[in-house]
Structure formats: C-alpha cells, structure tokens
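Student: File my_file.txt below, compact mmCIF, C-alpha atoms:
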# COMPACT_ATOMS: atom_id res chain seq x y z
CA MET A 284 -1.22 31.09 24.15
CA PRO A 285 0.72 32.85 21.30
CA ARG A 286 1.99 30.63 18.55
CA PRO A 287 5.76 30.49 17.95
CA MET A 288 6.87 32.65 15.03
CA ALA A 289 7.91 30.78 11.92
CA PRO A 290 11.51 31.37 10.79
CA PRO A 291 11.98 33.76 7.86
CA GLN A 292 12.27 32.39 4.34
CA CYS A 293 15.55 30.57 3.89
CA PRO A 294 18.14 32.37 1.71
CA GLN A 295 19.36 30.56 -1.39
CA GLU A 296 23.04 31.57 -1.18
CA PHE A 297 25.52 31.46 1.71
CA PRO A 298 29.15 32.48 2.34
CA PRO A 299 31.83 29.80 2.76
CA GLY A 300 31.91 28.26 6.22
CA THR A 301 28.12 28.25 6.63
CA PRO A 302 27.01 24.92 8.17
CA LEU A 303 25.09 22.97 5.54
CA LEU A 304 23.33 19.60 5.64
CA TYR A 305 22.10 17.39 2.84
CA PHE A 306 18.87 15.39 2.54
CA ASP A 307 19.69 12.08 0.82
CA GLU A 308 16.50 11.18 -1.07
CA ARG A 309 17.64 7.57 -1.65
CA THR A 310 18.07 6.75 2.04
CA ARG A 311 15.49 9.34 3.26
CA SER A 312 18.04 10.62 5.78
CA ILE A 313 19.85 13.85 6.64
CA VAL A 314 23.65 13.76 6.36
CA SER A 315 26.33 16.33 7.15
CA ASP A 316 28.46 15.67 4.07
CA VAL A 317 27.12 17.56 1.06
CA PRO A 318 28.15 15.74 -2.15
CA THR A 319 30.90 17.53 -4.04
CA GLU A 320 28.81 17.80 -7.20
CA LEU A 321 26.17 19.73 -5.25
CA LYS A 322 28.60 22.30 -3.82
CA HIS A 323 27.78 25.01 -6.33
CA TYR A 324 30.23 27.85 -5.63
CA ASP A 325 29.69 31.17 -7.42
CA HIS A 326 33.11 32.85 -7.86
CA ARG A 327 31.55 36.20 -8.76
CA SER A 328 29.54 36.51 -5.54
CA GLY A 329 31.88 34.39 -3.42
CA LYS A 330 28.93 32.38 -2.07
CA TYR A 331 27.47 28.89 -2.28
CA LYS A 332 24.22 28.65 -4.26
CA ALA A 333 21.72 25.79 -4.62
CA PRO A 334 22.30 23.95 -7.92
CA PRO A 335 19.44 23.49 -10.40
CA GLY A 336 16.73 21.18 -9.00
CA TYR A 337 17.68 21.83 -5.35
CA SER A 338 16.77 24.38 -2.73
CA PHE A 339 18.06 25.51 0.67
CA VAL A 340 15.52 25.19 3.51
CA TRP A 341 15.68 25.52 7.27
CA LEU A 342 16.24 22.23 9.04
CA GLU A 343 13.16 22.86 11.22
CA SER A 344 10.90 22.97 8.17
CA LEU A 345 11.40 19.23 7.50
CA SER A 346 12.41 17.85 10.88
CA PRO A 347 9.52 16.50 13.05
CA THR A 348 11.29 17.79 16.18
CA PRO A 349 12.78 21.29 16.41
CA THR A 350 16.53 21.55 16.70
CA PRO A 351 17.83 22.95 20.01
CA SER A 352 20.11 25.32 18.15
CA THR A 353 19.14 28.99 18.29
CA SER A 354 20.34 29.58 14.72
CA PRO A 355 18.64 27.42 12.05
CA VAL A 356 20.88 25.08 10.09
CA ASN A 357 20.49 25.18 6.33
CA MET A 358 19.78 22.00 4.41
CA LEU A 359 20.01 21.24 0.72
CA VAL A 360 16.86 19.41 -0.44
CA PRO A 361 15.75 18.18 -3.91
CA MET A 362 12.89 20.30 -5.21
CA GLN A 363 10.72 17.18 -5.76
CA ALA A 364 11.02 16.12 -2.12
CA LEU A 365 10.32 19.68 -1.03
CA SER A 366 7.13 19.93 -3.09
CA LEU A 367 5.88 16.56 -1.80
CA LYS A 368 6.52 17.65 1.78
CA ALA A 369 4.64 20.90 1.28
CA ARG A 370 1.72 19.08 -0.35
CA SER A 371 1.45 16.57 2.48
CA ARG A 372 1.31 19.41 5.01
CA SER A 373 -1.45 21.23 3.16
CA VAL A 374 -3.77 18.22 2.87
CA THR A 375 -5.60 17.25 6.05
CA PRO A 376 -6.74 13.61 5.87
CA GLU A 377 -10.43 13.13 6.55
CA PRO A 378 -11.30 10.84 9.44
CA GLU A 379 -12.53 7.45 8.31
CA ARG A 380 -16.28 7.16 8.53
CA PRO A 381 -17.62 3.98 10.07
CA LYS A 382 -18.80 1.65 7.33
CA LYS A 383 -22.51 0.90 7.40
CA PRO A 384 -23.37 -2.81 7.18
CA SER A 385 -24.73 -3.87 3.82
CA LYS A 386 -28.11 -5.49 3.26
CA HIS A 387 -26.35 -8.84 2.85
CA GLU A 388 -24.58 -8.39 6.21
CA LYS A 389 -27.81 -7.39 7.95
CA ILE A 390 -29.62 -10.46 6.63
CA GLU A 391 -26.70 -12.64 7.72
CA SER A 392 -26.92 -11.18 11.24
CA LEU A 393 -30.70 -11.76 11.40
CA LEU A 394 -30.31 -15.40 10.26
CA GLN A 395 -27.65 -15.96 12.91
CA TRP A 396 -29.85 -14.36 15.58
CA LEU A 397 -32.80 -16.59 14.61
CA GLU A 398 -30.57 -19.68 14.86
CA ALA A 399 -29.22 -18.68 18.27
CA ARG A 400 -32.59 -17.56 19.64
CA PHE A 401 -34.89 -20.33 18.36
CA GLY A 402 -32.76 -23.21 17.08
CA GLU A 403 -31.94 -26.33 19.02
CA GLU A 404 -28.48 -25.66 20.43
CA GLY A 405 -28.27 -22.63 18.16
CA THR A 406 -28.90 -24.44 14.86
CA ASN A 407 -31.54 -26.21 12.76
CA ILE A 408 -33.55 -23.20 11.64
CA TYR A 409 -32.23 -22.38 8.17
CA ASN A 410 -33.85 -24.31 5.31
CA GLN A 411 -35.51 -26.79 7.66
CA MET A 412 -38.86 -26.71 5.89
CA LYS A 413 -40.41 -29.93 7.30
CA GLN A 414 -40.49 -28.65 10.85
CA ALA A 415 -42.70 -25.72 9.80
CA GLU A 416 -45.20 -27.75 7.75
CA GLY A 417 -48.81 -28.45 8.57
CA SER A 418 -51.65 -26.23 9.71
CA ASN A 419 -51.41 -22.64 11.00
CA VAL A 420 -48.23 -21.70 9.11
CA LEU A 421 -47.38 -18.21 7.90
CA ARG A 422 -44.56 -17.07 5.62
CA VAL A 423 -43.08 -13.61 6.07
CA ASP A 424 -41.07 -12.38 3.07
CA ILE A 425 -38.61 -9.64 4.07
CA LYS A 426 -36.85 -7.79 1.26
CA THR A 427 -36.12 -4.36 2.74
CA ILE A 428 -33.43 -3.24 5.19
CA ALA A 429 -36.14 -1.62 7.30
CA GLY A 430 -37.89 -4.98 7.56
CA VAL A 431 -34.67 -6.79 8.49
CA ASP A 432 -33.99 -4.22 11.23
CA LEU A 433 -37.55 -4.32 12.61
CA PHE A 434 -38.30 -8.03 12.48
CA PRO A 435 -36.47 -9.23 15.65
CA SER A 436 -38.47 -6.95 17.97
CA VAL A 437 -41.75 -7.83 16.23
CA LEU A 438 -40.99 -11.55 16.50
CA GLU A 439 -40.32 -11.16 20.22
CA GLU A 440 -43.71 -9.46 20.53
CA ILE A 441 -45.33 -12.37 18.67
CA CYS A 442 -43.65 -14.93 20.94
CA ASN A 443 -45.03 -13.10 23.98
CA ALA A 444 -48.56 -13.18 22.54
CA VAL A 445 -48.84 -16.69 21.05
CA THR A 446 -47.16 -20.10 21.06
CA VAL A 447 -44.68 -20.37 18.19
CA SER A 448 -44.10 -24.11 17.81
CA ALA A 449 -41.65 -24.03 14.89
CA LEU A 450 -39.59 -21.67 12.74
CA SER A 451 -37.73 -22.12 9.49
CA THR A 452 -35.89 -19.66 7.26
CA ARG A 453 -34.85 -19.41 3.62
CA SER A 454 -32.89 -16.77 1.76
CA SER A 455 -32.81 -15.52 -1.82
CA LEU A 456 -29.46 -14.69 -3.44
CA LYS A 457 -28.25 -12.40 -6.20
CA ARG A 458 -25.93 -13.64 -8.93
CA ASN A 459 -22.93 -12.48 -6.88
CA LYS A 460 -24.09 -14.66 -3.95
CA GLN A 461 -25.15 -11.64 -1.90
CA ARG A 462 -28.38 -12.13 0.05
CA LYS A 463 -31.21 -9.90 -1.22
CA GLY A 464 -34.02 -11.10 1.05
CA LEU A 465 -35.23 -13.82 3.38
CA SER A 466 -38.39 -15.69 4.24
CA VAL A 467 -39.41 -16.77 7.74
CA TYR A 468 -41.86 -19.65 8.09
CA MET A 469 -43.73 -19.51 11.38
CA LYS A 470 -45.96 -22.27 12.79
CA VAL A 471 -48.33 -21.49 15.68
CA ALA A 472 -50.66 -23.62 17.78
CA THR A 473 -54.14 -22.59 16.57
CA ALA A 474 -55.96 -20.76 13.79
CA MET A 475 -56.86 -18.02 16.26
CA GLN A 476 -53.20 -17.52 17.11
CA LYS A 477 -52.37 -17.39 13.41
CA GLN A 478 -54.78 -14.49 13.03
CA GLN A 479 -53.19 -12.76 16.01
CA VAL A 480 -49.78 -13.04 14.33
CA ILE A 481 -51.15 -11.61 11.08
CA THR A 482 -52.58 -8.65 12.98
CA ILE A 483 -49.27 -7.93 14.73
CA LEU A 484 -47.29 -8.20 11.51
CA GLU A 485 -49.71 -5.96 9.64
CA GLU A 486 -49.65 -3.32 12.37
CA HIS A 487 -45.87 -3.03 12.15
CA GLY A 488 -45.25 -3.90 8.53
CA GLU A 489 -47.92 -2.30 6.38
CA LYS A 490 -46.96 1.25 7.41
CA ASN A 491 -43.48 0.96 5.90
CA ALA A 492 -44.05 -1.93 3.45
CA THR A 493 -41.40 -3.87 5.32
CA TRP A 494 -42.62 -7.37 4.51
CA ILE A 495 -45.24 -9.51 2.80
CA ILE A 496 -47.39 -12.02 4.76
CA LYS A 497 -48.64 -15.23 3.16
CA GLU A 498 -50.70 -18.03 4.64
CA ILE A 499 -49.26 -21.44 3.79
CA GLN A 500 -51.84 -24.15 3.19
CA PRO A 501 -51.05 -27.62 4.58
CA LYS A 502 -50.00 -30.23 2.09
CA GLU A 503 -52.57 -32.92 1.43
Show this structure as structure tokens.
Tutor:
Amino acid sequence: MPRPMAPPQCPQEFPPGTPLLYFDERTRSIVSDVPTELKHYDHRSGKYKAPPGYSFVWLESLSPTPTPSTSPVNMLVPMQALSLKARSRSVTPEPERPKKPSKHEKIESLLQWLEARFGEEGTNIYNQMKQAEGSNVLRVDIKTIAGVDLFPSVLEEICNAVTVSALSTRSSLKRNKQRKGLSVYMKVATAMQKQQVITILEEHGEKNATWIIKEIQPKE
C-alpha cells in the first residue's frame, strides 16, 4: 500500500489574510489568535514573516490527527518546541527488557519453596537447627545461582530415593543485607541413605561446582 506523500516544506512568509494558528507553549495548546507582538509584517514584501525564534509549520506536522482540510493550515511555533518535537520523532524508544531476578531474589524464592514444600503448615524450616540434629545429617552449601536453580529438582529426586526425616535452612548475608548463599541441613533415616544422598548430590553438583557437601557429626 503506497504511503501518503508528506506535504512540502512550509513557507516562512505569507500574504495578509492567510489563516494562521499559534502554538501556546505555556498551555501546550493551539489557539487561533496569534499574539500581536508575533505578527511580524514586512512592509517591503507585503507579507507576514516568522519573528526571530519562531517558525511556520504545517498543522499536520504537530497534530496527532490529520486535519480534514485539503489545504494545510500554517501554525507559528517556537523553535525550541519544534526542535524537541523533531527529536522525539527521530528517537525510537527501546522495548523494556524483562528484568532477570537477582541472586538474592532466587535464594528468597528457594527458601520460600522449601518452607511451603517441607515445613509444617508451610513454616518451621528456616534456622530450625535442632530438628536436623543427630546422626545421618548432611549440610549442602549453595553459593552459586546455578546451584540455587538446580537444587529443587535434585531434592525431589532425593526424596523419591530415601526418607528425609528433617530439613533446616540457613542463609549468609552481605553487608547490604542481600543473601549471598544458603545452607540446607538434611537428616535421613540411615547411614546407607546418607551415602545415597551424597552420591546423588555429587552426580549433579560436582560437574558445575554448584554446591559443597559436608557430613555433620552428631553432638556428644
């Protein structure tokens, strides 16, 4: 479909009787009464000219909807407003890119998931160290985003393979209170099951250095 032709460049002088409009920069509106001080009449040419700092433009060049008139109406516009309008047309705003969650936000989401998935009535997992004490306890230190992303699926695999009797979590913070890592304490039923958990964690974690596994000795 052919594009409509743009009107020719607007002349900068007009004979008396030419319909003129005025763009009031203070009210950001178009008015039909051109201020007297802006009616710059040149006696030598017998025409109206734009005074210094102003320019004549076609009404269609600034109006968001085209005028139904077949002959463009001329409008007196301050040069500053004209340059800002032209600049805004030439710059195409870039679409906003979706913001990726930070490491802190990912750790927060994992802690909330652990509470909802394994806590009593969705709580009592974070910093509840006593419930994960005793024999057959492992600590998984997760300090990478890859580890945070991978851990939920690996924990589900562990729960399908062994009996996890208790979980507890802790988190380390930066000076600005942003979470930089977390530790998951996991208690299973037997020493054999503990070894099974270590094997599963090593299979998934050692390839990408996603976490560190430590065996927690029972307190005497």
Student: Suppose you want the space between atom CA of A:Glu398 and atom CA of A:Lys426; what is it in Å?
Tutor: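 One can read the atom CA of A:Glu398 to atom CA of A:Lys426 distance as 19.1 Å.
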Student: Using atom CA of A:Trp396 and atom CA of A:Lys470 as the two end points, give the distance in Å to one decimal.
Tutor: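 We find that atom CA of A:Trp396 and atom CA of A:Lys470 lie 18.2 Å from each other.
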Student: Return the single residue from A:Ala474, A:Ile499, A:Leu465, A:Leu438 that is closest to A:Thr452, with distances computed using all atoms listed in the file.
Tutor: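 The answer is A:Leu465, which sits nearest to A:Thr452.
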Student: Taking all atoms listed in the file into account, name the residue in A:Tyr468, A:Pro335, A:Cys442, A:Leu484 that is nearest to A:Arg400.
Tutor: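 Closest to A:Arg400, using all atoms listed in the file: A:Cys442.
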Student: Can you tell me how far atom CA of A:Val445 sits from atom CA of A:Asn407, in Å to one decimal?
Tutor: 21.4 Å
Student: For A:Ser418, which residue among A:Ile390, A:Leu433, A:Met469, A:Ala399 is the nearest when counting only C-alpha atoms?
Tutor: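 Of A:Ile390, A:Leu433, A:Met469, A:Ala399, the one nearest A:Ser418 is A:Met469, counting only C-alpha atoms.
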Student: Just want the 9 Å neighbourhood of A:Gly430, counted on all atoms listed in the file, with same-chain residues fewer than 5 positions away dropped. Output as a list in words.
Tutor: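 Residues near the query, excluding close chain neighbours: Ile425, Gly488, Asn491, Ala492, Thr493 and Trp494 of chain A.
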Student: Please provide as a PyMOL selection string all residues within 12 Å of A:Ile408, with the sequence filter that same-chain residues fewer than 2 positions apart are discarded (counting all atoms listed in the file).
Tutor: chain A and resi 393-406+410-415+449-454+466-469
